[in-house]
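Next comes final39.pdb, with PDB, C-alpha atoms.
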```
MODEL        1
ATOM      1  CA  MET T   1     138.685  93.088  21.788
ATOM      2  CA  SER T   2     136.197  94.351  24.363
ATOM      3  CA  LEU T   3     134.115  97.449  23.720
ATOM      4  CA  LYS T   4     135.169 100.708  25.344
ATOM      5  CA  TYR T   5     132.522 102.788  27.076
ATOM      6  CA  ILE T   6     132.536 106.411  28.178
ATOM      7  CA  LEU T   7     130.304 108.019  30.785
ATOM      8  CA  GLY T   8     129.075 111.574  31.233
ATOM      9  CA  VAL T   9     127.565 112.594  34.573
ATOM     10  CA  ASP T  10     125.583 115.800  35.031
ATOM     11  CA  GLY T  11     124.959 116.065  38.755
ATOM     12  CA  GLY T  12     122.868 119.097  39.665
ATOM     13  CA  ASN T  13     121.006 120.016  42.831
ATOM     14  CA  SER T  14     117.726 118.547  41.623
ATOM     15  CA  LYS T  15     118.696 115.507  39.521
ATOM     16  CA  THR T  16     121.627 113.518  38.174
ATOM     17  CA  ASP T  17     121.939 112.192  34.630
ATOM     18  CA  TYR T  18     124.244 109.272  33.821
ATOM     19  CA  LEU T  19     124.850 109.188  30.048
ATOM     20  CA  LEU T  20     126.574 106.042  28.780
ATOM     21  CA  CYS T  21     127.918 105.665  25.234
ATOM     22  CA  ARG T  22     130.397 103.538  23.395
ATOM     23  CA  ALA T  23     133.667 105.279  22.644
ATOM     24  CA  ASP T  24     132.761 105.359  18.953
ATOM     25  CA  GLY T  25     129.787 107.600  19.794
ATOM     26  CA  LYS T  26     126.985 105.031  19.750
ATOM     27  CA  PHE T  27     124.397 105.822  22.418
ATOM     28  CA  VAL T  28     123.895 103.073  25.002
ATOM     29  CA  ASN T  29     121.788 104.339  27.899
ATOM     30  CA  LEU T  30     120.546 107.351  29.830
ATOM     31  CA  HIS T  31     119.724 106.933  33.499
ATOM     32  CA  ARG T  32     118.093 109.836  35.318
ATOM     33  CA  ALA T  33     118.158 109.744  39.112
ATOM     34  CA  SER T  34     117.798 111.999  42.128
ATOM     35  CA  ASN T  35     120.488 114.500  43.024
ATOM     36  CA  CYS T  36     123.753 113.303  44.532
ATOM     37  CA  SER T  37     125.183 116.592  45.798
ATOM     38  CA  HIS T  38     127.056 116.273  49.075
ATOM     39  CA  GLU T  39     125.635 119.678  50.024
ATOM     40  CA  ASN T  40     122.090 118.319  50.112
ATOM     41  CA  HIS T  41     122.481 115.801  52.928
ATOM     42  CA  ASP T  42     123.729 115.890  56.500
ATOM     43  CA  ARG T  43     126.012 112.896  55.786
ATOM     44  CA  GLY T  44     127.740 114.879  53.059
ATOM     45  CA  TYR T  45     130.350 113.064  51.001
ATOM     46  CA  ASP T  46     129.530 109.636  52.472
ATOM     47  CA  TRP T  47     125.948 110.000  51.279
ATOM     48  CA  MET T  48     127.104 111.310  47.886
ATOM     49  CA  GLN T  49     129.392 108.300  47.386
ATOM     50  CA  GLU T  50     126.746 105.770  48.410
ATOM     51  CA  THR T  51     124.066 107.428  46.288
ATOM     52  CA  MET T  52     126.214 107.690  43.176
ATOM     53  CA  ALA T  53     127.537 104.142  43.574
ATOM     54  CA  GLY T  54     123.973 102.865  43.852
ATOM     55  CA  HIS T  55     122.848 104.628  40.693
ATOM     56  CA  LEU T  56     125.932 103.454  38.791
ATOM     57  CA  GLU T  57     125.224  99.894  39.892
ATOM     58  CA  VAL T  58     121.817 100.238  38.225
ATOM     59  CA  VAL T  59     123.437 101.589  35.044
ATOM     60  CA  CYS T  60     125.969  98.758  34.919
ATOM     61  CA  ARG T  61     123.459  96.016  35.681
ATOM     62  CA  LYS T  62     121.007  97.319  33.081
ATOM     63  CA  ASN T  63     123.709  97.352  30.393
ATOM     64  CA  LYS T  64     125.581  94.212  31.527
ATOM     65  CA  ILE T  65     128.888  95.974  32.129
ATOM     66  CA  LYS T  66     131.172  96.744  35.074
ATOM     67  CA  ILE T  67     132.666 100.028  36.225
ATOM     68  CA  SER T  68     135.993  98.734  34.923
ATOM     69  CA  ASP T  69     134.478  98.618  31.414
ATOM     70  CA  ILE T  70     134.094 102.412  31.474
ATOM     71  CA  ALA T  71     137.330 103.684  29.946
ATOM     72  CA  ALA T  72     136.829 107.366  30.816
ATOM     73  CA  ALA T  73     134.269 109.593  32.519
ATOM     74  CA  GLY T  74     133.474 113.255  32.998
ATOM     75  CA  PHE T  75     131.712 114.446  36.159
ATOM     76  CA  GLY T  76     130.120 117.894  36.249
ATOM     77  CA  LEU T  77     128.835 118.175  39.806
ATOM     78  CA  ALA T  78     127.061 120.800  41.843
ATOM     79  CA  GLY T  79     129.024 121.469  44.998
ATOM     80  CA  ALA T  80     132.421 121.223  43.293
ATOM     81  CA  ASP T  81     133.024 124.889  43.977
ATOM     82  CA  GLU T  82     136.495 125.048  45.495
ATOM     83  CA  PRO T  83     139.668 122.921  45.443
ATOM     84  CA  GLY T  84     138.966 121.067  48.677
ATOM     85  CA  GLN T  85     135.559 119.971  47.438
ATOM     86  CA  VAL T  86     136.956 118.855  44.074
ATOM     87  CA  ALA T  87     139.701 116.878  45.844
ATOM     88  CA  GLU T  88     137.213 115.113  48.116
ATOM     89  CA  LEU T  89     134.815 114.353  45.260
ATOM     90  CA  THR T  90     137.744 112.977  43.243
ATOM     91  CA  LYS T  91     138.686 110.690  46.131
ATOM     92  CA  ARG T  92     135.113 109.420  46.458
ATOM     93  CA  ILE T  93     134.764 108.700  42.730
ATOM     94  CA  LYS T  94     138.015 106.745  42.819
ATOM     95  CA  LYS T  95     136.546 104.644  45.634
ATOM     96  CA  ILE T  96     133.549 103.878  43.425
ATOM     97  CA  GLY T  97     136.005 102.323  40.967
ATOM     98  CA  PHE T  98     136.878 104.908  38.307
ATOM     99  CA  THR T  99     140.483 105.413  37.227
ATOM    100  CA  LYS T 100     140.399 107.796  34.232
ATOM    101  CA  PHE T 101     138.045 110.724  34.910
ATOM    102  CA  GLU T 102     137.832 114.437  35.678
ATOM    103  CA  VAL T 103     135.624 116.350  38.122
ATOM    104  CA  ALA T 104     134.596 120.002  38.115
ATOM    105  CA  ASN T 105     131.630 122.217  38.858
ATOM    106  CA  ASP T 106     128.735 121.404  36.526
ATOM    107  CA  GLY T 107     129.311 124.765  34.840
ATOM    108  CA  ILE T 108     132.058 123.088  32.820
ATOM    109  CA  LEU T 109     129.472 121.078  30.912
ATOM    110  CA  GLY T 110     128.238 124.103  28.997
ATOM    111  CA  VAL T 111     131.734 124.616  27.602
ATOM    112  CA  LYS T 112     132.391 120.971  26.800
ATOM    113  CA  ALA T 113     129.029 120.603  25.066
ATOM    114  CA  ILE T 114     130.166 123.211  22.520
ATOM    115  CA  SER T 115     133.960 123.166  22.466
ATOM    116  CA  SER T 116     136.997 121.728  24.207
ATOM    117  CA  ALA T 117     137.896 125.194  25.501
ATOM    118  CA  GLY T 118     135.833 128.251  26.352
ATOM    119  CA  ILE T 119     133.828 129.931  29.078
ATOM    120  CA  CYS T 120     130.340 129.079  30.290
ATOM    121  CA  SER T 121     128.181 131.726  31.950
ATOM    122  CA  ILE T 122     125.401 130.006  33.865
ATOM    123  CA  ASN T 123     122.430 132.233  34.562
ATOM    124  CA  GLY T 124     119.631 130.006  35.781
ATOM    125  CA  THR T 125     118.310 129.359  39.271
ATOM    126  CA  GLY T 126     121.755 130.425  40.440
ATOM    127  CA  THR T 127     124.865 131.664  38.701
ATOM    128  CA  VAL T 128     128.492 130.716  38.150
ATOM    129  CA  THR T 129     131.102 131.279  35.458
ATOM    130  CA  LEU T 130     133.512 128.515  34.543
ATOM    131  CA  GLY T 131     136.347 128.690  32.042
ATOM    132  CA  VAL T 132     138.544 126.007  30.470
ATOM    133  CA  ASP T 133     141.487 127.260  28.434
ATOM    134  CA  ASP T 134     143.421 125.670  25.585
ATOM    135  CA  ALA T 135     145.868 124.054  28.022
ATOM    136  CA  GLY T 136     143.013 122.459  29.973
ATOM    137  CA  ASP T 137     143.331 124.736  33.005
ATOM    138  CA  ILE T 138     140.014 125.368  34.738
ATOM    139  CA  LEU T 139     138.863 128.462  36.613
ATOM    140  CA  GLN T 140     135.575 129.011  38.420
ATOM    141  CA  VAL T 141     134.395 132.559  39.100
ATOM    142  CA  GLY T 142     131.570 132.960  41.596
ATOM    143  CA  GLY T 143     129.074 130.305  42.486
ATOM    144  CA  ILE T 144     129.628 130.676  46.220
ATOM    145  CA  GLY T 145     127.421 133.620  47.121
ATOM    146  CA  ASP T 146     127.250 137.368  47.423
ATOM    147  CA  LEU T 147     130.862 137.826  48.534
ATOM    148  CA  SER T 148     132.094 136.384  45.222
ATOM    149  CA  GLY T 149     129.809 138.735  43.298
ATOM    150  CA  ASP T 150     127.006 136.335  42.413
ATOM    151  CA  ALA T 151     124.625 139.017  41.138
ATOM    152  CA  ALA T 152     122.624 136.965  38.639
ATOM    153  CA  GLY T 153     120.272 133.997  38.520
ATOM    154  CA  GLY T 154     116.619 133.649  39.392
ATOM    155  CA  GLY T 155     116.979 133.997  43.143
ATOM    156  CA  HIS T 156     118.942 137.224  42.749
ATOM    157  CA  ILE T 157     116.505 138.708  40.223
ATOM    158  CA  SER T 158     113.382 138.005  42.270
ATOM    159  CA  GLY T 159     115.110 139.374  45.361
ATOM    160  CA  ARG T 160     116.160 142.521  43.499
ATOM    161  CA  ALA T 161     112.569 143.102  42.341
ATOM    162  CA  ILE T 162     111.220 142.941  45.899
ATOM    163  CA  LYS T 163     114.088 145.043  47.199
ATOM    164  CA  ALA T 164     113.377 147.689  44.558
ATOM    165  CA  VAL T 165     109.754 147.952  45.680
ATOM    166  CA  TYR T 166     110.747 148.171  49.345
ATOM    167  CA  HIS T 167     113.303 150.898  48.566
ATOM    168  CA  ALA T 168     110.759 152.848  46.534
ATOM    169  CA  LEU T 169     108.340 152.782  49.448
ATOM    170  CA  PHE T 170     110.646 153.225  52.425
ATOM    171  CA  ARG T 171     114.196 154.199  51.383
ATOM    172  CA  MET T 172     113.876 157.038  48.890
ATOM    173  CA  GLY T 173     114.201 154.573  46.018
ATOM    174  CA  GLN T 174     113.096 155.245  42.464
ATOM    175  CA  LYS T 175     109.405 154.648  41.809
ATOM    176  CA  THR T 176     108.696 151.469  39.877
ATOM    177  CA  SER T 177     105.802 149.664  38.228
ATOM    178  CA  LEU T 178     107.049 146.461  39.874
ATOM    179  CA  GLN T 179     104.983 147.265  42.971
ATOM    180  CA  ASP T 180     101.648 145.939  41.686
ATOM    181  CA  GLY T 181     103.086 142.576  40.681
ATOM    182  CA  VAL T 182     105.085 142.185  43.884
ATOM    183  CA  PHE T 183     102.040 142.954  46.014
ATOM    184  CA  GLU T 184      99.839 140.557  44.050
ATOM    185  CA  LEU T 185     102.316 137.674  44.166
ATOM    186  CA  MET T 186     103.093 138.206  47.845
ATOM    187  CA  LYS T 187      99.356 138.452  48.564
ATOM    188  CA  ILE T 188      99.494 141.833  50.265
ATOM    189  CA  THR T 189      97.515 145.029  49.670
ATOM    190  CA  LYS T 190      99.212 147.670  51.824
ATOM    191  CA  PRO T 191     102.805 148.927  51.909
ATOM    192  CA  GLU T 192     103.055 148.297  55.640
ATOM    193  CA  GLU T 193     102.444 144.588  55.006
ATOM    194  CA  LEU T 194     105.579 144.266  52.892
ATOM    195  CA  HIS T 195     107.962 144.117  55.845
ATOM    196  CA  THR T 196     106.132 141.146  57.367
ATOM    197  CA  ALA T 197     105.848 139.408  54.006
ATOM    198  CA  ILE T 198     109.575 139.737  53.384
ATOM    199  CA  SER T 199     110.402 138.312  56.807
ATOM    200  CA  GLN T 200     108.485 135.143  55.907
ATOM    201  CA  TYR T 201     111.302 133.938  53.673
ATOM    202  CA  GLY T 202     109.762 130.584  52.737
ATOM    203  CA  TRP T 203     107.405 132.173  50.208
ATOM    204  CA  ARG T 204     110.155 133.100  47.748
ATOM    205  CA  SER T 205     110.554 129.780  45.943
ATOM    206  CA  GLY T 206     106.834 129.689  45.272
ATOM    207  CA  ILE T 207     106.669 133.026  43.436
ATOM    208  CA  SER T 208     110.170 133.462  42.035
ATOM    209  CA  ARG T 209     109.421 132.280  38.490
ATOM    210  CA  ASN T 210     106.268 134.392  38.152
ATOM    211  CA  LEU T 211     108.024 137.398  39.637
ATOM    212  CA  ILE T 212     110.901 137.106  37.153
ATOM    213  CA  GLN T 213     108.471 136.896  34.241
ATOM    214  CA  PHE T 214     106.564 139.902  35.563
ATOM    215  CA  ALA T 215     109.774 141.918  35.955
ATOM    216  CA  ASP T 216     110.780 140.986  32.413
ATOM    217  CA  GLY T 217     107.451 142.305  31.128
ATOM    218  CA  GLU T 218     107.849 145.563  33.048
ATOM    219  CA  ALA T 219     111.368 145.992  31.673
ATOM    220  CA  LEU T 220     110.025 145.518  28.138
ATOM    221  CA  ALA T 221     107.305 148.074  28.896
ATOM    222  CA  GLY T 222     109.971 150.636  29.837
ATOM    223  CA  ASP T 223     110.197 150.556  33.638
ATOM    224  CA  ALA T 224     113.691 151.895  34.346
ATOM    225  CA  VAL T 225     114.064 150.044  37.651
ATOM    226  CA  ALA T 226     113.201 146.680  36.102
ATOM    227  CA  GLN T 227     115.518 147.395  33.183
ATOM    228  CA  LYS T 228     118.411 148.165  35.538
ATOM    229  CA  ILE T 229     117.918 144.835  37.333
ATOM    230  CA  PHE T 230     118.428 142.904  34.097
ATOM    231  CA  ASP T 231     121.138 145.266  32.799
ATOM    232  CA  ASP T 232     123.096 144.661  36.012
ATOM    233  CA  VAL T 233     122.671 140.888  35.670
ATOM    234  CA  GLY T 234     124.189 141.046  32.177
ATOM    235  CA  ILE T 235     127.077 143.162  33.430
ATOM    236  CA  SER T 236     127.743 140.870  36.402
ATOM    237  CA  CYS T 237     127.817 137.785  34.181
ATOM    238  CA  ALA T 238     130.138 139.587  31.768
ATOM    239  CA  GLU T 239     132.539 140.445  34.595
ATOM    240  CA  GLY T 240     132.854 136.744  35.397
ATOM    241  CA  VAL T 241     133.669 135.976  31.765
ATOM    242  CA  VAL T 242     136.271 138.745  31.580
ATOM    243  CA  GLY T 243     137.799 137.490  34.827
ATOM    244  CA  CYS T 244     138.202 134.033  33.266
ATOM    245  CA  VAL T 245     139.847 135.510  30.171
ATOM    246  CA  GLN T 246     142.262 137.534  32.294
ATOM    247  CA  ASN T 247     143.284 134.546  34.421
ATOM    248  CA  LEU T 248     143.379 131.815  31.771
ATOM    249  CA  SER T 249     145.167 131.485  28.444
ATOM    250  CA  PHE T 250     143.221 131.354  25.192
ATOM    251  CA  LYS T 251     145.038 131.237  21.851
ATOM    252  CA  ASN T 252     142.941 132.413  18.936
ATOM    253  CA  GLU T 253     139.326 132.784  20.025
ATOM    254  CA  VAL T 254     137.189 132.725  23.153
ATOM    255  CA  VAL T 255     133.975 130.714  22.945
ATOM    256  CA  VAL T 256     131.461 132.146  25.427
ATOM    257  CA  VAL T 257     128.496 129.869  26.159
ATOM    258  CA  LYS T 258     125.319 131.154  27.775
ATOM    259  CA  ALA T 259     123.524 128.434  29.731
ATOM    260  CA  GLY T 260     120.578 128.411  32.105
ATOM    261  CA  SER T 261     116.913 129.341  32.148
ATOM    262  CA  ILE T 262     117.397 133.094  32.593
ATOM    263  CA  TRP T 263     119.496 133.349  29.441
ATOM    264  CA  ASN T 264     116.832 131.371  27.621
ATOM    265  CA  VAL T 265     113.581 132.983  28.758
ATOM    266  CA  ILE T 266     114.199 136.701  29.371
ATOM    267  CA  LYS T 267     112.936 138.775  26.446
ATOM    268  CA  TYR T 268     114.195 142.190  27.548
ATOM    269  CA  PRO T 269     117.259 142.665  25.308
ATOM    270  CA  GLY T 270     119.290 144.850  27.642
ATOM    271  CA  MET T 271     120.576 141.908  29.673
ATOM    272  CA  VAL T 272     122.252 140.238  26.699
ATOM    273  CA  ASP T 273     123.260 143.562  25.138
ATOM    274  CA  ASN T 274     125.164 144.593  28.275
ATOM    275  CA  PHE T 275     126.692 141.137  28.601
ATOM    276  CA  VAL T 276     128.076 141.299  25.066
ATOM    277  CA  ARG T 277     129.129 144.964  25.352
ATOM    278  CA  VAL T 278     131.191 144.562  28.521
ATOM    279  CA  ILE T 279     132.939 141.457  27.191
ATOM    280  CA  LYS T 280     133.788 143.028  23.843
ATOM    281  CA  GLU T 281     135.062 146.195  25.528
ATOM    282  CA  ASN T 282     137.416 144.226  27.771
ATOM    283  CA  VAL T 283     138.546 141.202  25.738
ATOM    284  CA  GLN T 284     141.160 141.965  23.114
ATOM    285  CA  MET T 285     140.643 138.907  20.936
ATOM    286  CA  PRO T 286     137.799 137.405  18.885
ATOM    287  CA  VAL T 287     134.819 136.206  20.917
ATOM    288  CA  ARG T 288     132.182 133.775  19.677
ATOM    289  CA  PHE T 289     128.906 133.743  21.601
ATOM    290  CA  GLU T 290     126.800 130.580  21.810
ATOM    291  CA  LEU T 291     123.480 129.846  23.514
ATOM    292  CA  LEU T 292     123.531 126.317  24.911
ATOM    293  CA  GLU T 293     120.847 124.222  23.264
ATOM    294  CA  ALA T 294     122.493 120.805  23.653
ATOM    295  CA  THR T 295     121.847 118.870  26.844
ATOM    296  CA  PRO T 296     124.613 119.581  29.416
ATOM    297  CA  ALA T 297     125.251 115.864  30.009
ATOM    298  CA  LEU T 298     126.607 115.725  26.458
ATOM    299  CA  GLY T 299     129.346 118.062  27.645
ATOM    300  CA  ALA T 300     130.307 115.524  30.292
ATOM    301  CA  LEU T 301     130.369 112.796  27.664
ATOM    302  CA  PHE T 302     132.554 114.808  25.260
ATOM    303  CA  TRP T 303     134.860 115.576  28.189
ATOM    304  CA  ALA T 304     135.200 111.843  28.809
ATOM    305  CA  LYS T 305     136.031 111.285  25.144
ATOM    306  CA  GLU T 306     138.764 113.942  25.351
ATOM    307  CA  GLN T 307     140.337 112.041  28.226
ATOM    308  CA  LEU T 308     140.104 108.753  26.390
ATOM    309  CA  ASP T 309     141.937 109.702  23.214
ATOM    310  CA  GLY T 310     142.272 113.502  23.120
ATOM    311  CA  THR T 311     139.922 114.007  20.190
ATOM    312  CA  VAL T 312     136.323 115.096  19.795
ATOM    313  CA  THR T 313     135.760 115.880  16.133
ATOM    314  CA  PRO T 314     132.972 118.206  14.946
ATOM    315  CA  GLU T 315     131.384 115.190  13.268
ATOM    316  CA  TYR T 316     131.407 113.230  16.546
ATOM    317  CA  ARG T 317     129.737 116.134  18.360
ATOM    318  CA  GLU T 318     127.156 116.684  15.650
ATOM    319  CA  GLU T 319     126.131 113.050  15.404
ATOM    320  CA  LEU T 320     125.449 112.743  19.125
ATOM    321  CA  ARG T 321     123.774 116.156  19.302
ATOM    322  CA  LYS T 322     121.407 115.171  16.516
ATOM    323  CA  PHE T 323     120.581 111.827  18.085
ATOM    324  CA  LEU T 324     120.212 113.272  21.593
ATOM    325  CA  SER T 325     118.195 116.355  20.690
ATOM    326  CA  PRO T 326     116.558 118.074  23.679
ATOM    327  CA  GLN T 327     113.229 116.443  22.822
ATOM    328  CA  LYS T 328     114.755 112.978  22.394
ATOM    329  CA  TYR T 329     116.765 113.398  25.573
ATOM    330  CA  THR T 330     113.631 114.286  27.544
ATOM    331  CA  GLU T 331     111.900 111.201  26.190
ATOM    332  CA  LEU T 332     114.812 108.982  27.202
ATOM    333  CA  ALA T 333     114.801 110.545  30.658
ATOM    334  CA  GLY T 334     111.211 109.463  31.112
ATOM    335  CA  GLY T 335     109.642 112.754  30.117
ATOM    336  CA  LYS T 336     110.941 114.485  33.239
TER     337      LYS T 336
ENDMDL
END
```

Could you express the structure from this file as structure tokens?
Amino acid sequence: MSLKYILGVDGGNSKTDYLLCRADGKFVNLHRASNCSHENHDRGYDWMQETMAGHLEVVCRKNKIKISDIAAAGFGLAGADEPGQVAELTKRIKKIGFTKFEVANDGILGVKAISSAGICSINGTGTVTLGVDDAGDILQVGGIGDLSGDAAGGGHISGRAIKAVYHALFRMGQKTSLQDGVFELMKITKPEELHTAISQYGWRSGISRNLIQFADGEALAGDAVAQKIFDDVGISCAEGVVGCVQNLSFKNEVVVVKAGSIWNVIKYPGMVDNFVRVIKENVQMPVRFELLEATPALGALFWAKEQLDGTVTPEYREELRKFLSPQKYTELAGGK
């Protein structure tokens, strides 16, 4: 009897991880490659299909298997934000040779890494909320921009900090200690230089991380404007979770998973406090909060196992989590 393999794919906007295991949970291989998002190339889905097929060819050749040997797969992919995108990505993955698999926004991986059902609030570079209920129905809230209420994530926070300084100087906004840090990071010395600096949009990616850390420090020091930025982020993320609860069907408990760098690095407690408060005030059933520590690709792998035989026992999860600890996973990925 031939061995059965399962595959978990975590395809973000910066990299893609292909995690291959035997169905019994024995680790086989981790292949880290460049991103494969159709949104990152002018050839779109054609490029995504060719890129993913090429990386999977490497995985199969390295482990002396064929695509047909992979009994089930889970694909958490950036750019799977609305039904048309999911349908097209599904079609392309079928063309690569997969038959039993599921595709959703990579936000689903935070849920599947912890539980078969639940809600993942991603608050990292960007933001999205994705819920999977006990019947397997999936709902994505946000992840497509300002009009869907995406008021969280690093880009939003750094933008809010600069906006707060501009408003304090020119629009009757509340005074804030954020000004010194914004001026220093944007390399300006006078208020009148801020308008020009803002118009040069390309600078933002270079200072965003430092600006977020600075704003966090000012919030901890008591600056009301900085505190409101993070309070509002917590509230916005909570609204996405509540929206998932209201539109999905959970039986006994809602597992809420926090994933992403902002959830992990911000020390000002108001963001998490407001997140928890709004959810508890609006969800009339038990809620269990988890901070994602497992690698998201494990969620894709557990999702594949669910499709294969419908079961992912706590023991199965724990064994793979222990083996593929964040440190071990980084080592296997080449230290990147």

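Here the PyMOL selection byres ((chain T and resi 45-60) around 8) matches the residues Tyr18, Asn29, His31, Ala33, Cys36, Ser37, His38, His41, Arg43, Gly44, Arg61, Lys62, Asn63, Lys64, Ile65, Lys66, Ile67, Glu88, Leu89, Arg92, Ile93 and Ile96 of chain T.
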
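For Met271 (chain T), the non-local neighbours within 10 Å, defined as residues at least 3 positions apart in the same chain or in other chains and counting only C-alpha atoms, are Gln227, Lys228, Ile229, Phe230, Asp231, Asp232, Val233, Gly234, Ile235, Ser236, Cys237, Ile262, Trp263, Ile266, Lys267, Tyr268, Asn274, Phe275 and Val276 of chain T.
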
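The smallest atom-to-atom distance between Ile144 (chain T) and any of T:Ala80, T:Ile207, T:Leu185, T:Leu248, using all atoms listed in the file, is found for T:Ala80.
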
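Between CA of Leu109 (chain T) and CA of Asp273 (chain T) the separation is 24.0 Å.
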
Residue members of the PyMOL selection byres ((chain T and resi 126) around 7) in the file shown, as a count of residues only: 8

For Val141 (chain T): contacts at 7 Å, all atoms listed in the file, fewer than 5 positions along chain excluded, given as an NGL selection string: :T and (128-130 or 240)

Spatial neighbours of Ala117 (chain T), 9 Å, all atoms listed in the file, chain gap at least 4 places, as a PyMOL selection string: chain T and resi 111-112+131-136+250+254-255

field: Residue among T:Gly97, T:Gly110, T:Pro269, T:Gly76 lying closest to Glu290 (chain T), counting all atoms listed in the file
entry: T:Gly110

task: For the structure shown, which residues end up in the PyMOL selection byres ((chain T and resi 105) around 9)? Put them as a list in words, please?
output: Phe75, Gly76, Leu77, Ala78, Gly79, Ala80, Asp81, Glu82, Val86, Val103, Ala104, Asp106, Gly107, Ile108, Leu109, Leu130 and Gln140 of chain T

Write the residues you've just listed into a file as a compact mmCIF listing (two decimals), keeping the file's coordinate frame, and include C-alpha atoms for each of them.
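Result saved to out18.txt:
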```txt
# COMPACT_ATOMS: atom_id res chain seq x y z
CA PHE T 75 131.71 114.45 36.16
CA GLY T 76 130.12 117.89 36.25
CA LEU T 77 128.84 118.18 39.81
CA ALA T 78 127.06 120.80 41.84
CA GLY T 79 129.02 121.47 45.00
CA ALA T 80 132.42 121.22 43.29
CA ASP T 81 133.02 124.89 43.98
CA GLU T 82 136.50 125.05 45.50
CA VAL T 86 136.96 118.86 44.07
CA VAL T 103 135.62 116.35 38.12
CA ALA T 104 134.60 120.00 38.12
CA ASP T 106 128.74 121.40 36.53
CA GLY T 107 129.31 124.76 34.84
CA ILE T 108 132.06 123.09 32.82
CA LEU T 109 129.47 121.08 30.91
CA LEU T 130 133.51 128.51 34.54
CA GLN T 140 135.57 129.01 38.42
```

Interatomic distance, CA of Gln284 (chain T) to CA of Val257 (chain T) (Å, one decimal): 17.8 Å

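Across T:Leu332, T:Ile279, T:Thr176, T:Gly74, the tightest approach to Ala113 (chain T) is made by T:Gly74 when counting all atoms listed in the file.
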
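CA of Gly84 (chain T) lies 25.8 Å from CA of Ile70 (chain T).
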
- request: Identify which of the residues T:Ile119, T:Val265, T:Ile114, T:Ala87 lies closest to Asn210 (chain T), counting only C-alpha atoms when measuring atom-to-atom distances.
  value: T:Val265

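Among T:Val165, T:Met172, T:Ile212, T:Leu139, the residue with the shortest atom-to-atom distance to Pro191 (chain T), counting only C-alpha atoms, is T:Val165.
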
task: Using only C-alpha atoms, find the one residue out of T:Ala73, T:Glu39, T:Thr330, T:Leu169 that sits nearest to Lys4 (chain T).
output: T:Ala73

Axis-aligned box over every listed atom of region 128-142 of chain T, padded by 5 Å per side: centre and edges in Å to one decimal, as AutoDock Vina command-line options?
```
--center_x 137.2 --center_y 127.7 --center_z 33.6 --size_x 27.4 --size_y 20.5 --size_z 26.0
```

task: With a distance cut-off of 8 Å and only C-alpha atoms, select the neighbouring residues of Ile162 (chain T), excluding the residue or stretch itself and same-chain residues fewer than 4 positions from it, and output the selection as a VMD selection string.
output: chain T and resid 158 166 182

Residues from last step as file, C-alpha atoms, as a PDB file, in the frame of the given file:
```pdb
ATOM      1  CA  SER T 158     113.382 138.005  42.270  1.00  0.00           C
ATOM      2  CA  TYR T 166     110.747 148.171  49.345  1.00  0.00           C
ATOM      3  CA  VAL T 182     105.085 142.185  43.884  1.00  0.00           C
TER       4      VAL T 182
END
```
